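A.B. asks: Contents of data-v6.cif (mmCIF, C-alpha atoms and all ligand atoms):
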```
data_entry
loop_
_atom_site.label_atom_id
_atom_site.label_comp_id
_atom_site.auth_asym_id
_atom_site.auth_seq_id
_atom_site.Cartn_x
_atom_site.Cartn_y
_atom_site.Cartn_z
CA MET H 1 1.07 -19.54 23.32
CA THR H 2 0.03 -18.83 19.75
CA LYS H 3 -3.71 -18.41 19.38
CA LYS H 4 -5.50 -19.25 16.12
CA VAL H 5 -7.90 -16.58 14.86
CA GLN H 6 -10.03 -15.90 11.77
CA LEU H 7 -7.40 -14.67 9.31
CA LEU H 8 -9.35 -13.03 6.49
CA THR H 9 -11.76 -10.21 7.27
CA THR H 10 -14.19 -8.13 5.23
CA ASN H 11 -15.03 -5.20 7.49
CA ASN H 12 -13.12 -2.33 5.92
CA LEU H 13 -14.62 1.01 4.90
CA LYS H 14 -12.96 1.05 1.50
CA THR H 15 -13.86 -2.52 0.60
CA ILE H 16 -17.51 -1.85 1.48
CA LYS H 17 -17.47 0.58 -1.48
CA GLY H 18 -16.44 -2.36 -3.71
CA GLU H 19 -19.50 -4.32 -2.59
CA LYS H 20 -21.71 -1.87 -4.46
CA LEU H 21 -19.84 -2.97 -7.60
CA GLY H 22 -20.49 -6.66 -6.89
CA TYR H 23 -17.18 -7.52 -5.19
CA VAL H 24 -16.58 -8.86 -1.70
CA THR H 25 -13.03 -8.18 -0.54
CA TYR H 26 -11.28 -10.32 2.06
CA ILE H 27 -8.15 -8.84 3.62
CA LEU H 28 -5.44 -10.31 5.80
CA TYR H 29 -4.15 -7.76 8.30
CA LEU H 30 -0.93 -8.71 10.07
CA SER H 31 1.15 -6.49 12.31
CA PRO H 32 3.55 -4.68 9.96
CA HIS H 33 7.29 -4.17 9.94
CA ARG H 34 8.91 -5.61 13.12
CA ALA H 35 5.80 -5.50 15.31
CA ASN H 36 6.05 -9.11 16.46
CA SER H 37 7.73 -10.98 19.29
CA ARG H 38 10.67 -12.04 17.10
CA GLY H 39 11.37 -8.64 15.57
CA ILE H 40 11.16 -10.17 12.08
CA ASN H 41 10.54 -7.54 9.43
CA LEU H 42 7.44 -8.33 7.36
CA CYS H 43 7.95 -5.14 5.34
CA PRO H 44 11.63 -5.29 4.33
CA HIS H 45 11.26 -2.37 1.89
CA ALA H 46 9.39 -0.09 4.27
CA SER H 47 10.66 3.48 4.56
CA ARG H 48 10.90 5.27 7.87
CA GLY H 49 7.94 7.45 6.92
CA CYS H 50 5.65 4.58 5.96
CA ALA H 51 6.57 2.43 8.94
CA GLU H 52 5.75 5.32 11.25
CA SER H 53 2.45 6.18 9.70
CA CYS H 54 1.43 2.67 8.72
CA LEU H 55 -2.22 1.75 8.46
CA PHE H 56 -1.64 -0.56 11.41
CA GLU H 57 -1.67 2.57 13.53
CA SER H 58 -4.59 4.24 11.78
CA GLY H 59 -8.23 3.28 11.36
CA PHE H 60 -9.51 0.53 13.68
CA GLY H 61 -5.95 -0.64 14.44
CA GLY H 62 -5.13 2.71 15.98
CA ILE H 63 -8.28 2.85 18.03
CA TYR H 64 -8.80 -0.59 19.49
CA ASP H 65 -6.17 -2.55 21.40
CA SER H 66 -8.16 -5.71 20.66
CA VAL H 67 -7.83 -5.15 16.89
CA ARG H 68 -4.12 -4.53 17.24
CA GLN H 69 -3.68 -7.63 19.42
CA GLY H 70 -5.68 -9.71 16.92
CA ARG H 71 -3.25 -8.69 14.19
CA ILE H 72 -0.28 -9.53 16.35
CA ASN H 73 -1.78 -12.96 17.11
CA LYS H 74 -2.16 -13.66 13.38
CA THR H 75 1.44 -12.61 12.82
CA GLU H 76 2.70 -14.91 15.57
CA PHE H 77 0.75 -17.76 13.96
CA PHE H 78 2.27 -16.95 10.55
CA LEU H 79 5.82 -16.80 11.94
CA SER H 80 5.55 -20.00 13.95
CA ASP H 81 3.82 -22.19 11.33
CA LYS H 82 3.74 -20.85 7.76
CA ILE H 83 2.36 -24.09 6.29
CA GLY H 84 -0.42 -24.31 8.89
CA PHE H 85 -1.15 -20.62 8.36
CA MET H 86 -1.47 -20.99 4.57
CA GLN H 87 -3.63 -24.07 5.06
CA GLN H 88 -6.00 -22.01 7.17
CA ILE H 89 -6.03 -19.30 4.47
CA ARG H 90 -6.94 -22.01 1.98
CA ILE H 91 -9.84 -23.23 4.14
CA GLU H 92 -11.13 -19.68 4.65
CA ILE H 93 -11.02 -19.00 0.89
CA GLU H 94 -12.92 -22.21 0.18
CA ARG H 95 -15.54 -21.14 2.73
CA ALA H 96 -15.80 -17.69 1.17
CA ILE H 97 -16.25 -19.19 -2.30
CA LYS H 98 -19.15 -21.32 -1.04
CA LYS H 99 -20.72 -18.41 0.81
CA HIS H 100 -20.71 -15.99 -2.13
CA GLU H 101 -21.19 -18.46 -4.99
CA GLY H 102 -23.47 -16.93 -7.63
CA LYS H 103 -23.92 -13.75 -5.56
CA ALA H 104 -20.67 -11.78 -5.67
CA ASN H 105 -17.10 -11.86 -6.97
CA ILE H 106 -14.44 -12.48 -4.36
CA VAL H 107 -11.18 -10.52 -4.29
CA ILE H 108 -8.45 -11.19 -1.76
CA ARG H 109 -5.66 -8.99 -0.45
CA LEU H 110 -3.13 -10.90 1.64
CA ASN H 111 -0.81 -7.99 2.42
CA GLY H 112 -3.27 -5.64 4.11
CA THR H 113 -0.51 -4.41 6.43
CA SER H 114 2.57 -6.41 5.44
CA ASP H 115 4.70 -6.96 2.34
CA ILE H 116 5.25 -10.70 2.16
CA VAL H 117 6.23 -12.39 -1.10
CA PHE H 118 3.36 -14.89 -1.02
CA GLU H 119 4.03 -16.11 -4.57
CA LYS H 120 7.14 -17.84 -3.18
CA PHE H 121 5.17 -20.06 -0.81
CA LYS H 122 4.53 -23.18 -2.88
CA PHE H 123 2.95 -25.20 -0.08
CA PHE H 124 0.13 -26.83 -2.06
CA GLU H 125 1.78 -29.67 -3.99
CA GLY H 126 4.15 -27.22 -5.64
CA LYS H 127 1.52 -24.52 -6.14
CA ASN H 128 1.22 -21.20 -4.40
CA ILE H 129 -2.11 -19.87 -3.12
CA PHE H 130 -2.73 -17.95 -6.36
CA GLU H 131 -2.22 -21.04 -8.49
CA LEU H 132 -4.45 -23.02 -6.14
CA PHE H 133 -7.36 -20.64 -6.79
CA PRO H 134 -6.92 -19.55 -10.44
CA ASP H 135 -10.50 -18.21 -10.64
CA ILE H 136 -10.13 -15.91 -7.65
CA MET H 137 -8.57 -12.45 -8.07
CA PHE H 138 -5.87 -11.48 -5.58
CA TYR H 139 -4.24 -8.06 -5.31
CA ASP H 140 -1.77 -6.20 -3.16
CA TYR H 141 0.29 -3.06 -2.84
CA THR H 142 4.05 -3.57 -2.52
CA LYS H 143 7.22 -1.57 -2.01
CA ASN H 144 9.30 -4.51 -3.18
CA TYR H 145 10.20 -3.58 -6.78
CA LYS H 146 11.90 -6.96 -7.27
CA ARG H 147 8.48 -8.60 -7.39
CA PHE H 148 7.93 -6.95 -10.78
CA GLU H 149 11.05 -8.55 -12.22
CA LYS H 150 9.40 -12.00 -12.44
CA GLU H 151 6.13 -12.86 -14.09
CA LEU H 152 3.34 -12.77 -11.51
CA PRO H 153 0.43 -15.23 -11.47
CA LYS H 154 -2.27 -13.95 -13.85
CA ASN H 155 -4.77 -13.64 -11.01
CA TYR H 156 -2.43 -11.57 -8.82
CA HIS H 157 -2.41 -7.80 -9.37
CA LEU H 158 0.31 -5.71 -7.74
CA THR H 159 0.42 -1.93 -7.43
CA PHE H 160 3.80 -0.45 -6.52
CA SER H 161 3.74 1.78 -3.48
CA ARG H 162 5.82 4.98 -3.53
CA SER H 163 7.50 6.29 -0.40
CA GLU H 164 10.04 9.02 0.31
CA ASP H 165 13.01 6.77 -0.51
CA ASN H 166 11.90 4.99 -3.70
CA GLY H 167 10.65 7.87 -5.87
CA GLY H 168 13.08 7.10 -8.72
CA ILE H 169 12.01 3.45 -8.85
CA ALA H 170 8.35 4.51 -8.72
CA MET H 171 8.76 6.81 -11.74
CA ASP H 172 10.67 4.12 -13.63
CA LEU H 173 7.94 1.54 -12.98
CA ILE H 174 5.12 3.87 -13.98
CA SER H 175 6.93 4.69 -17.22
CA ARG H 176 6.75 0.93 -17.90
CA GLY H 177 2.99 0.86 -17.37
CA ILE H 178 2.99 -0.39 -13.77
CA ASN H 179 0.58 1.48 -11.55
CA VAL H 180 2.04 3.31 -8.58
CA ALA H 181 0.17 4.26 -5.43
CA MET H 182 1.15 7.61 -3.93
CA VAL H 183 -0.04 9.13 -0.68
CA PHE H 184 -1.02 12.79 -0.95
CA LYS H 185 -2.01 15.38 1.59
CA ARG H 186 -4.50 16.59 -1.02
CA THR H 187 -4.81 14.59 -4.21
CA PRO H 188 -4.18 16.34 -7.55
CA LYS H 189 -5.71 15.29 -10.89
CA ASP H 190 -2.28 14.70 -12.41
CA TYR H 191 1.24 14.52 -11.05
CA LYS H 192 4.59 14.54 -12.86
CA GLY H 193 2.84 14.01 -16.19
CA TYR H 194 0.67 11.07 -15.13
CA GLU H 195 -3.05 10.88 -14.48
CA VAL H 196 -3.97 10.41 -10.83
CA ILE H 197 -6.98 8.21 -10.19
CA ASP H 198 -8.89 8.18 -6.92
CA GLY H 199 -7.57 5.14 -5.05
CA ASP H 200 -9.94 5.82 -2.18
CA ALA H 201 -13.08 5.39 -4.31
CA ASN H 202 -12.70 1.63 -3.81
CA ASP H 203 -9.90 -0.90 -3.36
CA LEU H 204 -10.47 -2.86 -6.57
CA ARG H 205 -6.97 -2.23 -7.90
CA HIS H 206 -7.17 -4.96 -10.55
CA LEU H 207 -9.84 -2.91 -12.34
CA ASP H 208 -7.59 0.18 -12.68
CA LYS H 209 -6.34 1.19 -16.10
CA ARG H 210 -2.59 0.82 -16.61
CA GLY H 211 0.09 3.47 -16.27
CA VAL H 212 -1.67 5.69 -13.74
CA ILE H 213 -0.92 6.99 -10.28
CA VAL H 214 -3.29 5.62 -7.66
CA GLY H 215 -3.81 8.64 -5.41
CA LEU H 216 -4.47 7.86 -1.76
CA ARG H 217 -5.36 10.46 0.81
CA TYR H 218 -3.19 10.33 3.90
CA LYS H 219 -5.08 8.62 6.73
CA LYS H 220 -4.03 10.21 9.96
CA VAL H 221 -2.46 8.03 12.64
CA THR H 222 -4.93 7.94 15.49
CA GLY H 223 -3.01 5.89 18.05
CA LYS H 224 -0.55 6.94 20.73
CA GLY H 225 1.92 9.59 19.55
CA GLY H 226 -0.26 10.13 16.47
CA HIS H 227 0.21 13.89 16.29
CA GLU H 228 3.99 13.67 16.01
CA LYS H 229 3.79 10.79 13.55
CA ASN H 230 1.41 12.77 11.32
CA ILE H 231 3.85 15.69 11.25
CA ASN H 232 6.76 13.33 10.44
CA ALA H 233 4.78 11.62 7.67
CA ILE H 234 4.64 14.91 5.79
CA SER H 235 8.08 16.28 6.72
CA SER H 236 9.76 12.96 5.76
CA GLY H 237 8.27 13.23 2.27
CA PHE H 238 6.28 9.98 2.61
CA VAL H 239 3.11 12.00 2.16
CA ILE H 240 3.32 14.27 -0.89
CA ASP H 241 2.34 17.86 -0.19
CA TYR H 242 1.48 18.69 -3.80
CA GLU H 243 0.54 22.34 -3.19
CA ARG H 244 3.79 22.98 -1.38
CA GLU H 245 5.81 21.29 -4.14
CA VAL H 246 4.18 23.48 -6.81
CA LEU H 247 4.68 26.67 -4.78
CA ALA H 248 8.31 25.73 -4.07
CA GLY H 249 8.78 25.23 -7.83
CA VAL H 250 7.25 28.66 -8.55
CA SER H 251 9.46 30.27 -5.92
CA ASP H 252 12.60 28.59 -7.39
CA ASN H 253 11.60 29.85 -10.84
CA LEU H 254 11.06 33.37 -9.52
CA ASP H 255 14.51 33.23 -7.87
CA ASN H 256 16.09 32.15 -11.16
CA ILE H 257 14.26 34.89 -13.11
CA TYR H 258 15.32 37.50 -10.53
CA HIS H 259 19.00 36.43 -10.69
CA SER H 260 19.03 36.33 -14.47
CA ILE H 261 17.42 39.80 -14.77
CA SER H 262 19.66 41.33 -12.12
CA LYS H 263 22.73 39.89 -13.92
CA LYS H 264 21.57 41.44 -17.20
CA VAL H 265 20.93 44.77 -15.49
CA LYS H 266 24.39 44.74 -13.83
CA ASN H 267 26.06 43.89 -17.13
CA ASN H 268 24.27 46.81 -18.70
CA LEU H 269 25.53 49.36 -16.16
CA VAL H 270 28.36 51.65 -17.23
CA VAL H 271 29.44 52.74 -13.74
S1 LIG H 301 5.32 -1.32 3.78
FE1 LIG H 301 3.09 -0.94 3.96
S2 LIG H 301 2.41 -2.31 5.56
FE2 LIG H 301 4.61 -2.17 5.74
S3 LIG H 301 5.03 -0.53 7.20
FE3 LIG H 301 5.03 0.43 5.19
S4 LIG H 301 2.90 1.11 4.87
FE4 LIG H 301 2.89 -0.39 6.56
#
```
Take the structure in the file and write it out as structure tokens.
C.D. replies:
Amino acid sequence: MTKKVQLLTTNNLKTIKGEKLGYVTYILYLSPHRANSRGINLCPHASRGCAESCLFESGFGGIYDSVRQGRINKTEFFLSDKIGFMQQIRIEIERAIKKHEGKANIVIRLNGTSDIVFEKFKFFEGKNIFELFPDIMFYDYTKNYKRFEKELPKNYHLTFSRSEDNGGIAMDLISRGINVAMVFKRTPKDYKGYEVIDGDANDLRHLDKRGVIVGLRYKKVTGKGGHEKNINAISSGFVIDYEREVLAGVSDNLDNIYHSISKKVKNNLVV
């Protein structure tokens, strides 16, 4: 039986940082990828690395079975009754507006741990949830580059999310001024010619300047099998090991210099 639960939550370490700036962030956490009874993929553009080290497995989701089960329950609700689900989201947003009226700005992230194209769901007399609440700011991260091909609602901010298998797309999007989130082992100040901003300082992505990399520190998977997953996250290339990349570049350069000098020396030998 599908159990209804509170869908939007505010208790997240990163969003608490936004509260100091006058924003209350509500996030919908579903169970990502195929973690549902039907095996339906809610993250169709997920890479192997991201699926393995997904936030669903880290933070509270990796610690408490009850949190994980709560997310699965929400997902089952979504999959069995999308209209009813979006109606409940609507009611919860209306409640949040009343609660914070005149006290704080509300921002909403619907894909906390999923990658659903919510702009397609026009369940409110032909409007989607963004059009229904034009004065509320929504934001998400996505690996679905196709979402940038159409004009997004003005109150919906999307940051593209780089993984080990979409690096070319990520660099193309950032060259067009679209912000790209990248997960680093240790975050540099710039990467591949672009400024890296601290994406962990808060989660208010709609306030970021354009054309930057949003640097996120890798959050270790804390659940079962976490150790192996953390190793895979780095070896798969999902997490960027910046120091290693630079050192590998230096070593390649040294190899090239060595070969070029030794060729010159050999050419200069008489016998
Ligand atoms: S796309 Fe995002 S939410 Fe989905 S599995 Fe990857 S990291 Fe998790």
A.B. asks: Counting all atoms listed in the file, what are the residues of chain H within 6 Å of ligand LIG 301 (chain H), and for each of them which pair of atoms is the nearest and at what distance in Å, to one decimal? Sort the table by chain and rising number, as JSON lines.
C.D. replies:
```
{"residue": "H:Pro32", "atom": "CA", "partner": "H:LIG301", "partner_atom": "FE2", "distance": 5.0}
{"residue": "H:His33", "atom": "CA", "partner": "H:LIG301", "partner_atom": "S3", "distance": 5.1}
{"residue": "H:Cys43", "atom": "CA", "partner": "H:LIG301", "partner_atom": "FE2", "distance": 4.5}
{"residue": "H:Ala46", "atom": "CA", "partner": "H:LIG301", "partner_atom": "S1", "distance": 4.3}
{"residue": "H:Cys50", "atom": "CA", "partner": "H:LIG301", "partner_atom": "FE3", "distance": 4.3}
{"residue": "H:Ala51", "atom": "CA", "partner": "H:LIG301", "partner_atom": "S3", "distance": 3.8}
{"residue": "H:Cys54", "atom": "CA", "partner": "H:LIG301", "partner_atom": "FE4", "distance": 4.0}
{"residue": "H:Leu55", "atom": "CA", "partner": "H:LIG301", "partner_atom": "FE4", "distance": 5.9}
{"residue": "H:Thr113", "atom": "CA", "partner": "H:LIG301", "partner_atom": "S2", "distance": 3.7}
{"residue": "H:Ser114", "atom": "CA", "partner": "H:LIG301", "partner_atom": "S2", "distance": 4.1}
{"residue": "H:Asp115", "atom": "CA", "partner": "H:LIG301", "partner_atom": "S1", "distance": 5.9}
```
A.B. asks: Using all atoms listed in the file, can you list as a ChimeraX atom specification the residues within 10 Å of (-1.5, -0.4, -0.9)?
C.D. replies: /H:55,109,111-115,139-143,158-162,180-183,199,203,205,214,216
A.B. asks: What is the distance, in Å and to one decimal place, between CA of Glu151 (chain H) and CA of Ile108 (chain H)?
C.D. replies: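 These two atoms are separated by 19.2 Å.
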A.B. asks: With distances taken over all atoms listed in the file, which residue among H:Tyr29, H:Phe184, H:Tyr191, H:Tyr145 lies nearest Ala170 (chain H)?
C.D. replies: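 Of all the options, H:Tyr145 lies closest to Ala170 (chain H).
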A.B. asks: Quick one: residues within 12 Å of region 34-38 of chain H, all atoms listed in the file counted, chain neighbours fewer than 2 positions away excluded, as JSON, numbers by chain?
C.D. replies: {"H": [1, 2, 30, 31, 32, 40, 41, 42, 43, 44, 45, 46, 51, 52, 54, 56, 57, 68, 69, 70, 71, 72, 73, 74, 75, 76, 77, 78, 79, 80, 113, 114, 115]}
A.B. asks: Counting all atoms listed in the file, I want the residues whose atoms come within 9 Å of (1.7, 11.2, 3.6) in the file frame, returned as a PyMOL selection string.
C.D. replies: chain H and resi 49-50+53+163+182-185+216-220+230+232-241
A.B. asks: Go ahead and compute the interatomic distance for CA of Phe123 (chain H) and CA of Phe85 (chain H), in Å to one decimal.
C.D. replies: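 Value for the CA of Phe123 (chain H)-CA of Phe85 (chain H) distance: 10.4 Å.
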A.B. asks: Taking all atoms listed in the file into account, which of H:Asp165, H:Arg95, H:Lys127, H:Leu152 comes nearest Arg48 (chain H)?
C.D. replies: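 Under the stated criterion, the closest residue is H:Asp165.
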A.B. asks: Could you work out how far CA of Tyr23 (chain H) lies from CA of Ile93 (chain H), giving the answer in Å with one decimal?
C.D. replies: 14.4 Å
A.B. asks: Find the residue from H:Gln87, H:Phe138, H:Thr9, H:Lys20 that sits nearest to His206 (chain H); use all atoms listed in the file when measuring.
C.D. replies: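 Nearest to His206 (chain H): H:Phe138.
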A.B. asks: Could you give me, as a list in words, the residues within 9 Å of Glu119 (chain H), counting all atoms listed in the file and dropping anything in the same chain fewer than 3 positions from it?
C.D. replies: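 Selected residues are Ile116, Lys122, Lys127, Asn128, Ile129, Phe130, Glu131, Leu152, Pro153 and Tyr156 of chain H.
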A.B. asks: Find, counting all atoms listed in the file, the residue in H:Lys224, H:Lys14, H:Gln6, H:Phe148 that gets nearest to Asp198 (chain H).
C.D. replies: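 For Asp198 (chain H), the nearest of the candidates is H:Lys14.
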A.B. asks: Given all atoms listed in the file as the basis, pick out the residue of H:Leu269, H:Ile261, H:Val24, H:Val196 nearest to His100 (chain H).
C.D. replies: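 Under the stated criterion, the closest residue is H:Val24.
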A.B. asks: How big is the axis-aligned box around all listed atoms of region 191-207 of chain H once 6 Å goes on each side, and where's its centre, in Å to one decimal, as AutoDock Vina command-line options?
C.D. replies:
```
--center_x -4.2 --center_y 4.8 --center_z -9.2 --size_x 29.7 --size_y 31.5 --size_z 26.0
```
